[in-house]
Each structure stands twice: as structure tokens, then as C-alpha cells.
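Novice: Could you have a look at this structure, given as C-alpha cells, before my questions?
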Amino acid sequence: MAVSAWSEDILRLLRRMNNFYLPGSGRAKCFRFEIDGTQVGWIPPHVASLLTRYPDVFSPPHGGAVSLHHRLDSAGKRSEAVDAVLTSWRGEGSLSCLTGWRDEKYNVMQKFSDPPLMWMERAATSLFGVKRYGVHVNGYTVSESGEVNMWLARRSPTKQTYPGLLDNVAAGGLAAGLGIKHTLVKECQEEACIPAALAEKAHPVTTISYTYEDEEGVFAESQFVFDLELPLQFKPRIGDGEVQDFYLLPIDKVKELLATDDFKPNSAMVVLDFLIRHSIIEPDREPFYQEFVMGLHQTL
């Protein structure tokens, strides 16, 4: 099978979104972030050096790990102590990721099924490399002749992250205390004005997991993915202002767009998985089929 430029571009996307595991990454220089002896994240060196200013909150690095002070023996105490540090950093203005402070709490735990060990401000999670979870919805239509089209959103130019790029019809982070299906319905209503009764028909189909690093820290993320077949006559509408427009595009055009810089990277991964599951990408015709599947489902 000949390798197309599209396939090469998609492979580069997946490598970029999993660059924390590639040779030459900063992983070897990071410190494990541990709570009660359980690793919950990765702390980059530039963050670890800042933690030494707070000996009542963080213990000195030992054996390649940074842990919380032993007196912080409950989720509430840990959360309040760390939040005070983050609030101080926010005031100093030296960490760019904290300019996007959201007042949104994310649970911190080793596995999704574990009880939370603490919570942390969403904007700060990359500083500690803790796992972040979200929900993404593939909104699509199927014509009477079987043709598949997909609804894409274009993000608002004022979004804190990836402004103006193409995105799934609805998506959002999983905040502490909120369920997956609840988040799905909420995001569908708020972003695309999809009624709850319709949003609840979405089917959970998979998770997409990856870990990448950039100048702001380590991003270990897992997205719960849902497919939602929308009625042919339905048209999403702009809701809370996080989206500037919606487009209904043939699935071949959507596939083409995945390999461009016009698509939010993790949302492109969600659509790539859709193309694989719906046999739009097939192993007999795609030489990187296995690499695609592996790149979408990395262990955090």
C-alpha cells in the first residue's frame, strides 16, 4: 500500500499528542507527583523548583518523587493547601497557564474509578501532570441513501485555548462532582442548543487517551467519546458563545480537514476514531491503520 501525505500528517499528529513517551522527551527529568505513596502525575523540573518555597505543603524531592506534606491527610486539606499555592502563583503572573484560570475544579486520582485524593484548579493541572478527563460528542447524520455527514463547530476566537479552530459539535471537561452523561447533556445544551431529550440518545463508544508535553507542562488526558446521530432536519445553534459557527460537512471532507492545522488536535483524534469505527478508514487501504489505533489509546 502506498503511503499518502494525509496518512503521514495524521501520524505526525498522533506522535505530537503522545510526545511525552517519545525518546528525547522531558519525561526522564520530571518528578513523580505522589499522594500517600500513589503516583498521580508528573511534575516538570521548573515547577518542582518552585515547590521548595512551600515546605508546609510539599515535601522535598526524594527518590525522583515529590509528595505532599504528611500533615495534609485528607482530600480537603490537600486541596485547600495546594490551591493557596496556586493562587499565589496566579498573582505573581509567572506561569502562563494560570492566566487561563477558570475557577473549575478537577479531581485528582490515580484511576478514574478511584476516590479523589484532592481537587485542583483546571488551569493548573498541567503543572503537576495529573490526569484530566473530558467528554466529546460526534454529531452526525445519515441520509436515506446512507451518506454520512458530520456536524463540526468552529471555536470562538475568544476561547482561551485553540481559538478559532474546528471542533466536535460539543465537548467539555469533566469537572469534580459531575457525571459523564450529565456533562455530555450540559455541553450539548450550552454549546450547540441540542435539547436534553436528544442529547441523551448519544451512545458511549470509546475513550481516547494520550499524554503530551509543551512549555506549560504535562497533559495526560482521557476523553469519553459519544456518537450522536442527529435528525436530518436538526441544525445546532450557537449557545453560550464558545462556538462561532457550525458546519455540516460530508465525511470525506471532514477526513481531509483532520490533517490540517485548522482542527483542534484532540478533537481531530476523536473524529479519527469515528472514521475507524465506521469503516471509513479500513486496514486494507490504510498502511498506518495499527499505528492510528495505538496512538488513540495510550495508557496514561
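Ligands are numbered from 1 in the order shown, residues from 1 within each chain, and chains are lettered A, B, ... in the order they appear in the C-alpha cells.
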Within 12 Å of A:Asp9, counting only C-alpha atoms, which residues qualify if same-chain residues fewer than 4 places away don't, as number ranges by chain?
Specialist: A: 3-5, 13-16, 255-261, 265, 268, 288, 292
Novice: Please save all heavy atoms of the selected residues as a CSV table (one decimal), in the first residue's frame.
Specialist:
chain,number,residue,atom,x,y,z
A,3,VAL,N,1.8,5.0,0.9
A,3,VAL,CA,1.6,5.9,2.0
A,3,VAL,C,1.2,7.3,1.5
A,3,VAL,O,2.0,7.9,0.7
A,3,VAL,CB,2.8,6.0,2.9
A,3,VAL,CG1,2.5,7.0,4.0
A,3,VAL,CG2,3.1,4.6,3.5
A,4,SER,N,0.1,7.8,1.8
A,4,SER,CA,-0.3,9.1,1.4
A,4,SER,C,0.2,10.2,2.3
A,4,SER,O,0.6,10.0,3.4
A,4,SER,CB,-1.9,9.2,1.3
A,4,SER,OG,-2.4,9.2,2.6
A,5,ALA,N,0.2,11.5,1.7
A,5,ALA,CA,0.6,12.6,2.6
A,5,ALA,C,-0.4,12.8,3.7
A,5,ALA,O,0.0,13.2,4.8
A,5,ALA,CB,0.6,13.9,1.7
A,13,LEU,N,0.5,14.0,13.8
A,13,LEU,CA,-0.4,14.5,14.8
A,13,LEU,C,-0.4,13.5,16.0
A,13,LEU,O,-0.3,14.0,17.2
A,13,LEU,CB,-1.9,14.6,14.3
A,13,LEU,CG,-3.0,14.7,15.3
A,13,LEU,CD1,-2.9,16.1,15.9
A,13,LEU,CD2,-4.4,14.5,14.6
A,14,LEU,N,-0.5,12.2,15.8
A,14,LEU,CA,-0.6,11.3,16.9
A,14,LEU,C,0.7,11.3,17.7
A,14,LEU,O,0.7,11.1,18.9
A,14,LEU,CB,-0.9,9.9,16.4
A,14,LEU,CG,-2.3,9.8,15.8
A,14,LEU,CD1,-2.5,8.4,15.2
A,14,LEU,CD2,-3.4,10.0,16.8
A,15,ARG,N,1.8,11.4,17.0
A,15,ARG,CA,3.1,11.4,17.7
A,15,ARG,C,3.2,12.7,18.6
A,15,ARG,O,3.7,12.7,19.7
A,15,ARG,CB,4.2,11.4,16.7
A,15,ARG,CG,4.4,10.0,16.1
A,15,ARG,CD,5.4,10.0,14.9
A,15,ARG,NE,5.7,8.7,14.4
A,15,ARG,CZ,6.2,8.4,13.2
A,15,ARG,NH1,6.6,9.4,12.4
A,15,ARG,NH2,6.4,7.1,12.8
A,16,ARG,N,2.7,13.8,18.0
A,16,ARG,CA,2.8,15.1,18.8
A,16,ARG,C,1.9,15.0,20.0
A,16,ARG,O,2.3,15.5,21.1
A,16,ARG,CB,2.3,16.2,17.9
A,16,ARG,CG,2.2,17.6,18.6
A,16,ARG,CD,2.2,18.7,17.6
A,16,ARG,NE,1.2,18.6,16.7
A,16,ARG,CZ,0.0,19.3,16.7
A,16,ARG,NH1,-0.3,20.0,17.7
A,16,ARG,NH2,-0.9,19.1,15.8
A,255,LYS,N,-12.7,14.1,6.9
A,255,LYS,CA,-11.4,13.4,6.9
A,255,LYS,C,-10.3,14.2,6.4
A,255,LYS,O,-9.2,14.2,7.0
A,255,LYS,CB,-11.6,12.1,6.1
A,255,LYS,CG,-10.3,11.3,6.0
A,255,LYS,CD,-10.5,10.0,5.1
A,255,LYS,CE,-9.1,9.3,4.9
A,255,LYS,NZ,-9.3,8.1,4.0
A,256,GLU,N,-10.5,14.9,5.3
A,256,GLU,CA,-9.4,15.7,4.7
A,256,GLU,C,-9.0,16.8,5.7
A,256,GLU,O,-7.8,17.1,5.8
A,256,GLU,CB,-10.0,16.4,3.4
A,256,GLU,CG,-9.1,17.3,2.7
A,256,GLU,CD,-9.8,18.0,1.5
A,256,GLU,OE1,-10.6,17.4,0.9
A,256,GLU,OE2,-9.5,19.2,1.3
A,257,LEU,N,-9.9,17.4,6.4
A,257,LEU,CA,-9.6,18.5,7.3
A,257,LEU,C,-8.8,18.1,8.5
A,257,LEU,O,-8.1,18.9,9.1
A,257,LEU,CB,-10.9,19.2,7.8
A,257,LEU,CG,-11.6,20.0,6.7
A,257,LEU,CD1,-13.0,20.4,7.2
A,257,LEU,CD2,-10.9,21.3,6.4
A,258,LEU,N,-8.9,16.8,8.9
A,258,LEU,CA,-8.2,16.3,10.0
A,258,LEU,C,-6.7,16.5,9.9
A,258,LEU,O,-6.0,16.7,10.9
A,258,LEU,CB,-8.4,14.8,10.3
A,258,LEU,CG,-9.8,14.4,10.6
A,258,LEU,CD1,-9.8,12.9,11.0
A,258,LEU,CD2,-10.4,15.2,11.8
A,259,ALA,N,-6.2,16.5,8.7
A,259,ALA,CA,-4.7,16.6,8.5
A,259,ALA,C,-4.2,18.0,8.4
A,259,ALA,O,-3.1,18.2,8.1
A,259,ALA,CB,-4.3,15.8,7.3
A,260,THR,N,-5.1,19.0,8.6
A,260,THR,CA,-4.7,20.4,8.5
A,260,THR,C,-4.5,21.0,9.9
A,260,THR,O,-4.9,20.4,10.9
A,260,THR,CB,-5.8,21.2,7.8
A,260,THR,OG1,-7.0,21.3,8.6
A,260,THR,CG2,-6.2,20.5,6.5
A,261,ASP,N,-4.0,22.2,9.9
A,261,ASP,CA,-3.8,22.9,11.2
A,261,ASP,C,-5.1,23.6,11.6
A,261,ASP,O,-5.1,24.4,12.6
A,261,ASP,CB,-2.7,23.9,11.1
A,261,ASP,CG,-1.3,23.3,10.9
A,261,ASP,OD1,-1.1,22.1,11.4
A,261,ASP,OD2,-0.4,23.9,10.2
A,265,PRO,N,-6.4,19.6,18.0
A,265,PRO,CA,-5.7,18.3,17.9
A,265,PRO,C,-6.5,17.1,18.5
A,265,PRO,O,-6.6,16.1,17.9
A,265,PRO,CB,-4.4,18.6,18.5
A,265,PRO,CG,-4.1,20.0,18.3
A,265,PRO,CD,-5.5,20.7,18.4
A,268,ALA,N,-9.5,16.2,16.6
A,268,ALA,CA,-9.2,15.5,15.4
A,268,ALA,C,-9.0,14.0,15.7
A,268,ALA,O,-9.4,13.2,14.9
A,268,ALA,CB,-7.9,16.1,14.8
A,288,PHE,N,-1.1,2.7,7.9
A,288,PHE,CA,-0.8,3.1,9.2
A,288,PHE,C,-2.0,2.8,10.2
A,288,PHE,O,-2.1,3.3,11.3
A,288,PHE,CB,-0.4,4.6,9.4
A,288,PHE,CG,0.9,4.9,8.8
A,288,PHE,CD1,1.0,6.2,8.1
A,288,PHE,CD2,2.0,4.1,8.8
A,288,PHE,CE1,2.2,6.5,7.6
A,288,PHE,CE2,3.2,4.4,8.3
A,288,PHE,CZ,3.3,5.7,7.6
A,292,PHE,N,-2.5,4.1,13.9
A,292,PHE,CA,-3.6,5.0,14.3
A,292,PHE,C,-4.3,4.6,15.5
A,292,PHE,O,-4.5,5.3,16.5
A,292,PHE,CB,-4.5,5.2,13.1
A,292,PHE,CG,-4.0,5.9,11.9
A,292,PHE,CD1,-4.8,6.0,10.8
A,292,PHE,CD2,-2.8,6.5,11.9
A,292,PHE,CE1,-4.4,6.8,9.7
A,292,PHE,CE2,-2.3,7.2,10.8
A,292,PHE,CZ,-3.1,7.3,9.7
Novice: For the contact check between stretch 204-242 of chain A and stretch 193-199 of chain A, emit one row per residue of stretch 204-242 of chain A within 9 Å, containing the shortest atom pair and the distance in Å rounded to one decimal, counting only C-alpha atoms, chain then rising number order, as CSV.
Specialist:
residue,atom,partner,partner_atom,distance
A:Leu228,CA,A:Ala199,CA,7.3
A:Leu230,CA,A:Leu198,CA,8.0
A:Phe234,CA,A:Ile194,CA,8.9
A:Lys235,CA,A:Ile194,CA,8.7
A:Pro236,CA,A:Cys193,CA,6.1
A:Arg237,CA,A:Cys193,CA,5.5
A:Ile238,CA,A:Cys193,CA,6.7
A:Gly239,CA,A:Cys193,CA,5.7
A:Asp240,CA,A:Cys193,CA,8.9
Novice: Can you tell me, as number ranges by chain, what residues are no more than 8 Å from stretch 132-148 of chain A when counting only C-alpha atoms, ignoring any on the same chain fewer than 4 positions away?
Specialist: A: 106, 125, 152, 168-174, 180, 183-184, 202, 219-232, 250-251, 267, 270-271, 274
Novice: Assign secondary structure with DSSP using the backbone only, and return the residues of stretch 139-297 of chain A in strand (DSSP E) as an MDAnalysis selection string.
Specialist: chainID A and resid 139:142 148:155 166:168 170:173 203:214 217:229 243:250
Novice: Find the residues near stretch 17-22 of chain A: any atom within 6 Å, counting only C-alpha atoms, skip ones fewer than 5 places away on the same chain, and give them as a list in words.
Specialist: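 Residues near the query, excluding close chain neighbours: Tyr210, Thr211, Tyr212 and Glu213 of chain A.
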Novice: For the residues selected in the previous step, produce a file with all heavy atoms as a PDB file, in the first residue's frame.
Specialist:
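Resulting contents of part-v1.pdb:
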ATOM      1  N   TYR A 210      -4.125   9.979  25.726  1.00  0.00           N
ATOM      2  CA  TYR A 210      -2.838  10.431  25.196  1.00  0.00           C
ATOM      3  C   TYR A 210      -2.154  11.294  26.251  1.00  0.00           C
ATOM      4  O   TYR A 210      -2.790  11.778  27.191  1.00  0.00           O
ATOM      5  CB  TYR A 210      -3.054  11.259  23.917  1.00  0.00           C
ATOM      6  CG  TYR A 210      -4.124  12.320  24.106  1.00  0.00           C
ATOM      7  CD1 TYR A 210      -3.802  13.588  24.578  1.00  0.00           C
ATOM      8  CD2 TYR A 210      -5.468  12.036  23.874  1.00  0.00           C
ATOM      9  CE1 TYR A 210      -4.790  14.543  24.806  1.00  0.00           C
ATOM     10  CE2 TYR A 210      -6.459  12.979  24.097  1.00  0.00           C
ATOM     11  CZ  TYR A 210      -6.109  14.236  24.563  1.00  0.00           C
ATOM     12  OH  TYR A 210      -7.090  15.163  24.805  1.00  0.00           O
ATOM     13  N   THR A 211      -0.845  11.475  26.111  1.00  0.00           N
ATOM     14  CA  THR A 211      -0.096  12.351  27.012  1.00  0.00           C
ATOM     15  C   THR A 211       0.923  13.126  26.195  1.00  0.00           C
ATOM     16  O   THR A 211       1.742  12.534  25.490  1.00  0.00           O
ATOM     17  CB  THR A 211       0.639  11.554  28.106  1.00  0.00           C
ATOM     18  OG1 THR A 211      -0.302  10.741  28.816  1.00  0.00           O
ATOM     19  CG2 THR A 211       1.313  12.502  29.095  1.00  0.00           C
ATOM     20  N   TYR A 212       0.863  14.454  26.287  1.00  0.00           N
ATOM     21  CA  TYR A 212       1.835  15.284  25.591  1.00  0.00           C
ATOM     22  C   TYR A 212       2.394  16.342  26.535  1.00  0.00           C
ATOM     23  O   TYR A 212       1.831  16.617  27.593  1.00  0.00           O
ATOM     24  CB  TYR A 212       1.211  15.951  24.354  1.00  0.00           C
ATOM     25  CG  TYR A 212       0.149  16.989  24.634  1.00  0.00           C
ATOM     26  CD1 TYR A 212       0.474  18.339  24.740  1.00  0.00           C
ATOM     27  CD2 TYR A 212      -1.195  16.626  24.767  1.00  0.00           C
ATOM     28  CE1 TYR A 212      -0.498  19.300  24.976  1.00  0.00           C
ATOM     29  CE2 TYR A 212      -2.165  17.575  24.998  1.00  0.00           C
ATOM     30  CZ  TYR A 212      -1.822  18.909  25.104  1.00  0.00           C
ATOM     31  OH  TYR A 212      -2.786  19.860  25.354  1.00  0.00           O
ATOM     32  N   GLU A 213       3.533  16.878  26.155  1.00  0.00           N
ATOM     33  CA  GLU A 213       4.146  17.950  26.928  1.00  0.00           C
ATOM     34  C   GLU A 213       4.371  19.158  26.032  1.00  0.00           C
ATOM     35  O   GLU A 213       4.576  19.024  24.822  1.00  0.00           O
ATOM     36  CB  GLU A 213       5.490  17.493  27.520  1.00  0.00           C
ATOM     37  CG  GLU A 213       6.532  17.125  26.473  1.00  0.00           C
ATOM     38  CD  GLU A 213       7.873  16.739  27.074  1.00  0.00           C
ATOM     39  OE1 GLU A 213       8.040  16.851  28.298  1.00  0.00           O
ATOM     40  OE2 GLU A 213       8.764  16.339  26.293  1.00  0.00           O
TER      41      GLU A 213
END
Novice: Using only C-alpha atoms, can you tell me which of A:Trp42, A:Trp151, A:Tyr247, A:Trp89 comes closest to A:Ala65?
Specialist: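 Ranking A:Trp42, A:Trp151, A:Tyr247, A:Trp89 by distance to A:Ala65, first place goes to A:Trp42.
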Novice: Counting only C-alpha atoms, which of A:Glu282, A:Glu104, A:Glu8, A:Asp36 gets nearest to A:Ser59?
Specialist: A:Asp36
Novice: Would you pick out the contacts of A:Met294 at 12 Å or less, using only C-alpha atoms, so that residues sharing its chain but fewer than 3 positions from it are not included, and give the list as an mmCIF file with all heavy atoms, in the first residue's frame?
Specialist:
data_model
loop_
_atom_site.group_PDB
_atom_site.id
_atom_site.type_symbol
_atom_site.label_atom_id
_atom_site.label_comp_id
_atom_site.auth_asym_id
_atom_site.auth_seq_id
_atom_site.Cartn_x
_atom_site.Cartn_y
_atom_site.Cartn_z
ATOM 1 N N LEU A 11 -0.184 10.661 11.242
ATOM 2 C CA LEU A 11 0.803 10.012 12.101
ATOM 3 C C LEU A 11 1.596 11.046 12.892
ATOM 4 O O LEU A 11 1.880 10.858 14.079
ATOM 5 C CB LEU A 11 1.733 9.143 11.255
ATOM 6 C CG LEU A 11 2.526 8.064 11.998
ATOM 7 C CD1 LEU A 11 1.597 7.097 12.729
ATOM 8 C CD2 LEU A 11 3.431 7.310 11.033
ATOM 9 N N LEU A 14 -0.543 12.245 15.820
ATOM 10 C CA LEU A 14 -0.594 11.295 16.928
ATOM 11 C C LEU A 14 0.722 11.265 17.698
ATOM 12 O O LEU A 14 0.723 11.129 18.934
ATOM 13 C CB LEU A 14 -0.939 9.901 16.404
ATOM 14 C CG LEU A 14 -2.337 9.752 15.794
ATOM 15 C CD1 LEU A 14 -2.503 8.374 15.180
ATOM 16 C CD2 LEU A 14 -3.412 9.993 16.846
ATOM 17 N N ARG A 15 1.825 11.406 17.000
ATOM 18 C CA ARG A 15 3.112 11.445 17.693
ATOM 19 C C ARG A 15 3.224 12.704 18.551
ATOM 20 O O ARG A 15 3.747 12.670 19.666
ATOM 21 C CB ARG A 15 4.249 11.382 16.673
ATOM 22 C CG ARG A 15 4.439 9.989 16.067
ATOM 23 C CD ARG A 15 5.449 10.004 14.937
ATOM 24 N NE ARG A 15 5.679 8.653 14.408
ATOM 25 C CZ ARG A 15 6.218 8.400 13.228
ATOM 26 N NH1 ARG A 15 6.582 9.399 12.427
ATOM 27 N NH2 ARG A 15 6.392 7.149 12.825
ATOM 28 N N ASN A 18 1.295 12.375 21.705
ATOM 29 C CA ASN A 18 1.855 11.373 22.613
ATOM 30 C C ASN A 18 3.357 11.583 22.811
ATOM 31 O O ASN A 18 4.087 10.649 23.123
ATOM 32 C CB ASN A 18 1.594 9.959 22.065
ATOM 33 C CG ASN A 18 0.134 9.548 22.162
ATOM 34 O OD1 ASN A 18 -0.389 9.312 23.240
ATOM 35 N ND2 ASN A 18 -0.533 9.481 21.014
ATOM 36 N N ILE A 208 -10.536 8.017 24.303
ATOM 37 C CA ILE A 208 -9.305 8.397 23.614
ATOM 38 C C ILE A 208 -8.337 8.887 24.683
ATOM 39 O O ILE A 208 -8.681 9.760 25.483
ATOM 40 C CB ILE A 208 -9.561 9.522 22.591
ATOM 41 C CG1 ILE A 208 -10.607 9.094 21.561
ATOM 42 C CG2 ILE A 208 -8.272 9.954 21.916
ATOM 43 C CD1 ILE A 208 -10.201 7.930 20.722
ATOM 44 N N SER A 209 -7.119 8.334 24.725
ATOM 45 C CA SER A 209 -6.166 8.690 25.769
ATOM 46 C C SER A 209 -4.799 8.983 25.165
ATOM 47 O O SER A 209 -4.361 8.299 24.234
ATOM 48 C CB SER A 209 -6.041 7.557 26.794
ATOM 49 O OG SER A 209 -7.292 7.268 27.384
ATOM 50 N N TYR A 210 -4.125 9.979 25.726
ATOM 51 C CA TYR A 210 -2.838 10.431 25.196
ATOM 52 C C TYR A 210 -2.154 11.294 26.251
ATOM 53 O O TYR A 210 -2.790 11.778 27.191
ATOM 54 C CB TYR A 210 -3.054 11.259 23.917
ATOM 55 C CG TYR A 210 -4.124 12.320 24.106
ATOM 56 C CD1 TYR A 210 -3.802 13.588 24.578
ATOM 57 C CD2 TYR A 210 -5.468 12.036 23.874
ATOM 58 C CE1 TYR A 210 -4.790 14.543 24.806
ATOM 59 C CE2 TYR A 210 -6.459 12.979 24.097
ATOM 60 C CZ TYR A 210 -6.109 14.236 24.563
ATOM 61 O OH TYR A 210 -7.090 15.163 24.805
ATOM 62 N N MET A 269 -8.437 13.710 16.860
ATOM 63 C CA MET A 269 -8.267 12.314 17.259
ATOM 64 C C MET A 269 -9.615 11.642 17.477
ATOM 65 O O MET A 269 -9.813 10.479 17.113
ATOM 66 C CB MET A 269 -7.419 12.239 18.529
ATOM 67 C CG MET A 269 -5.987 12.698 18.335
ATOM 68 S SD MET A 269 -5.056 12.808 19.886
ATOM 69 C CE MET A 269 -4.842 11.057 20.264
ATOM 70 N N ASP A 273 -11.020 8.406 15.290
ATOM 71 C CA ASP A 273 -11.576 7.177 15.850
ATOM 72 C C ASP A 273 -12.939 6.863 15.237
ATOM 73 O O ASP A 273 -13.252 5.709 14.947
ATOM 74 C CB ASP A 273 -11.693 7.307 17.370
ATOM 75 C CG ASP A 273 -12.377 6.124 18.010
ATOM 76 O OD1 ASP A 273 -11.713 5.086 18.179
ATOM 77 O OD2 ASP A 273 -13.585 6.223 18.321
ATOM 78 N N ILE A 276 -12.471 5.267 11.888
ATOM 79 C CA ILE A 276 -12.038 3.876 12.003
ATOM 80 C C ILE A 276 -13.213 2.981 12.383
ATOM 81 O O ILE A 276 -13.440 1.930 11.777
ATOM 82 C CB ILE A 276 -10.894 3.759 13.022
ATOM 83 C CG1 ILE A 276 -9.627 4.439 12.480
ATOM 84 C CG2 ILE A 276 -10.608 2.288 13.352
ATOM 85 C CD1 ILE A 276 -8.517 4.569 13.491
ATOM 86 N N PHE A 288 -1.052 2.726 7.860
ATOM 87 C CA PHE A 288 -0.781 3.068 9.247
ATOM 88 C C PHE A 288 -1.968 2.757 10.160
ATOM 89 O O PHE A 288 -2.094 3.320 11.255
ATOM 90 C CB PHE A 288 -0.444 4.564 9.377
ATOM 91 C CG PHE A 288 0.879 4.933 8.768
ATOM 92 C CD1 PHE A 288 1.031 6.162 8.143
ATOM 93 C CD2 PHE A 288 1.969 4.077 8.818
ATOM 94 C CE1 PHE A 288 2.245 6.526 7.578
ATOM 95 C CE2 PHE A 288 3.182 4.427 8.257
ATOM 96 C CZ PHE A 288 3.322 5.654 7.636
ATOM 97 N N TYR A 289 -2.835 1.860 9.718
ATOM 98 C CA TYR A 289 -4.057 1.559 10.485
ATOM 99 C C TYR A 289 -3.733 1.207 11.935
ATOM 100 O O TYR A 289 -4.332 1.756 12.865
ATOM 101 C CB TYR A 289 -4.798 0.401 9.814
ATOM 102 C CG TYR A 289 -6.156 0.098 10.403
ATOM 103 C CD1 TYR A 289 -7.304 0.723 9.903
ATOM 104 C CD2 TYR A 289 -6.314 -0.822 11.438
ATOM 105 C CE1 TYR A 289 -8.562 0.441 10.419
ATOM 106 C CE2 TYR A 289 -7.560 -1.104 11.966
ATOM 107 C CZ TYR A 289 -8.675 -0.474 11.455
ATOM 108 O OH TYR A 289 -9.915 -0.753 11.980
ATOM 109 N N GLN A 290 -2.801 0.287 12.164
ATOM 110 C CA GLN A 290 -2.478 -0.129 13.531
ATOM 111 C C GLN A 290 -1.854 1.010 14.324
ATOM 112 O O GLN A 290 -2.149 1.178 15.511
ATOM 113 C CB GLN A 290 -1.543 -1.341 13.511
ATOM 114 C CG GLN A 290 -2.238 -2.644 13.142
ATOM 115 C CD GLN A 290 -1.317 -3.836 13.335
ATOM 116 O OE1 GLN A 290 -0.233 -3.902 12.769
ATOM 117 N NE2 GLN A 290 -1.749 -4.782 14.152
ATOM 118 N N GLU A 291 -0.996 1.795 13.671
ATOM 119 C CA GLU A 291 -0.386 2.932 14.355
ATOM 120 C C GLU A 291 -1.449 3.947 14.775
ATOM 121 O O GLU A 291 -1.360 4.545 15.850
ATOM 122 C CB GLU A 291 0.650 3.596 13.451
ATOM 123 C CG GLU A 291 1.932 2.802 13.295
ATOM 124 C CD GLU A 291 1.850 1.728 12.213
ATOM 125 O OE1 GLU A 291 0.740 1.499 11.675
ATOM 126 O OE2 GLU A 291 2.887 1.116 11.922
ATOM 127 N N HIS A 297 -5.137 5.267 21.786
ATOM 128 C CA HIS A 297 -5.468 4.553 23.029
ATOM 129 C C HIS A 297 -4.208 4.245 23.835
ATOM 130 O O HIS A 297 -3.889 3.089 24.102
ATOM 131 C CB HIS A 297 -6.213 3.263 22.716
ATOM 132 C CG HIS A 297 -7.431 3.471 21.846
ATOM 133 N ND1 HIS A 297 -8.583 4.051 22.305
ATOM 134 C CD2 HIS A 297 -7.660 3.177 20.542
ATOM 135 C CE1 HIS A 297 -9.475 4.110 21.328
ATOM 136 N NE2 HIS A 297 -8.937 3.590 20.239
ATOM 137 N N GLN A 298 -3.503 5.303 24.229
ATOM 138 C CA GLN A 298 -2.301 5.133 25.039
ATOM 139 C C GLN A 298 -2.668 5.028 26.518
ATOM 140 O O GLN A 298 -3.625 5.660 26.975
ATOM 141 C CB GLN A 298 -1.361 6.316 24.835
ATOM 142 C CG GLN A 298 -0.765 6.384 23.437
ATOM 143 C CD GLN A 298 0.253 5.293 23.189
ATOM 144 O OE1 GLN A 298 1.161 5.079 23.980
ATOM 145 N NE2 GLN A 298 0.105 4.579 22.077
ATOM 146 N N THR A 299 -1.898 4.254 27.249
ATOM 147 C CA THR A 299 -2.108 4.151 28.698
ATOM 148 C C THR A 299 -1.578 5.397 29.368
ATOM 149 O O THR A 299 -0.441 5.822 29.119
ATOM 150 C CB THR A 299 -1.374 2.905 29.268
ATOM 151 O OG1 THR A 299 -1.879 1.749 28.616
ATOM 152 C CG2 THR A 299 -1.596 2.803 30.763
#
Novice: Find, counting only C-alpha atoms, the residue in A:Lys111, A:Arg155, A:Lys186, A:Arg27 that gets nearest to A:Gly64.
Specialist: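 Under the stated criterion, the closest residue is A:Arg27.
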Novice: Identify, with DSSP run on backbone atoms, the residues in stretch 94-294 of chain A assigned to helix (DSSP H, G or I), and express the list as a VMD selection string.
Specialist: chain A and resid 96 to 100 122 to 128 180 to 192 196 to 199 251 to 258 265 to 277 289 to 294
Novice: Take atom CA of A:Ala176 and atom CA of A:Val108 and report the distance between them in Å, one decimal.
Specialist: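 According to the coordinates, atom CA of A:Ala176 and atom CA of A:Val108 are separated by 9.0 Å.
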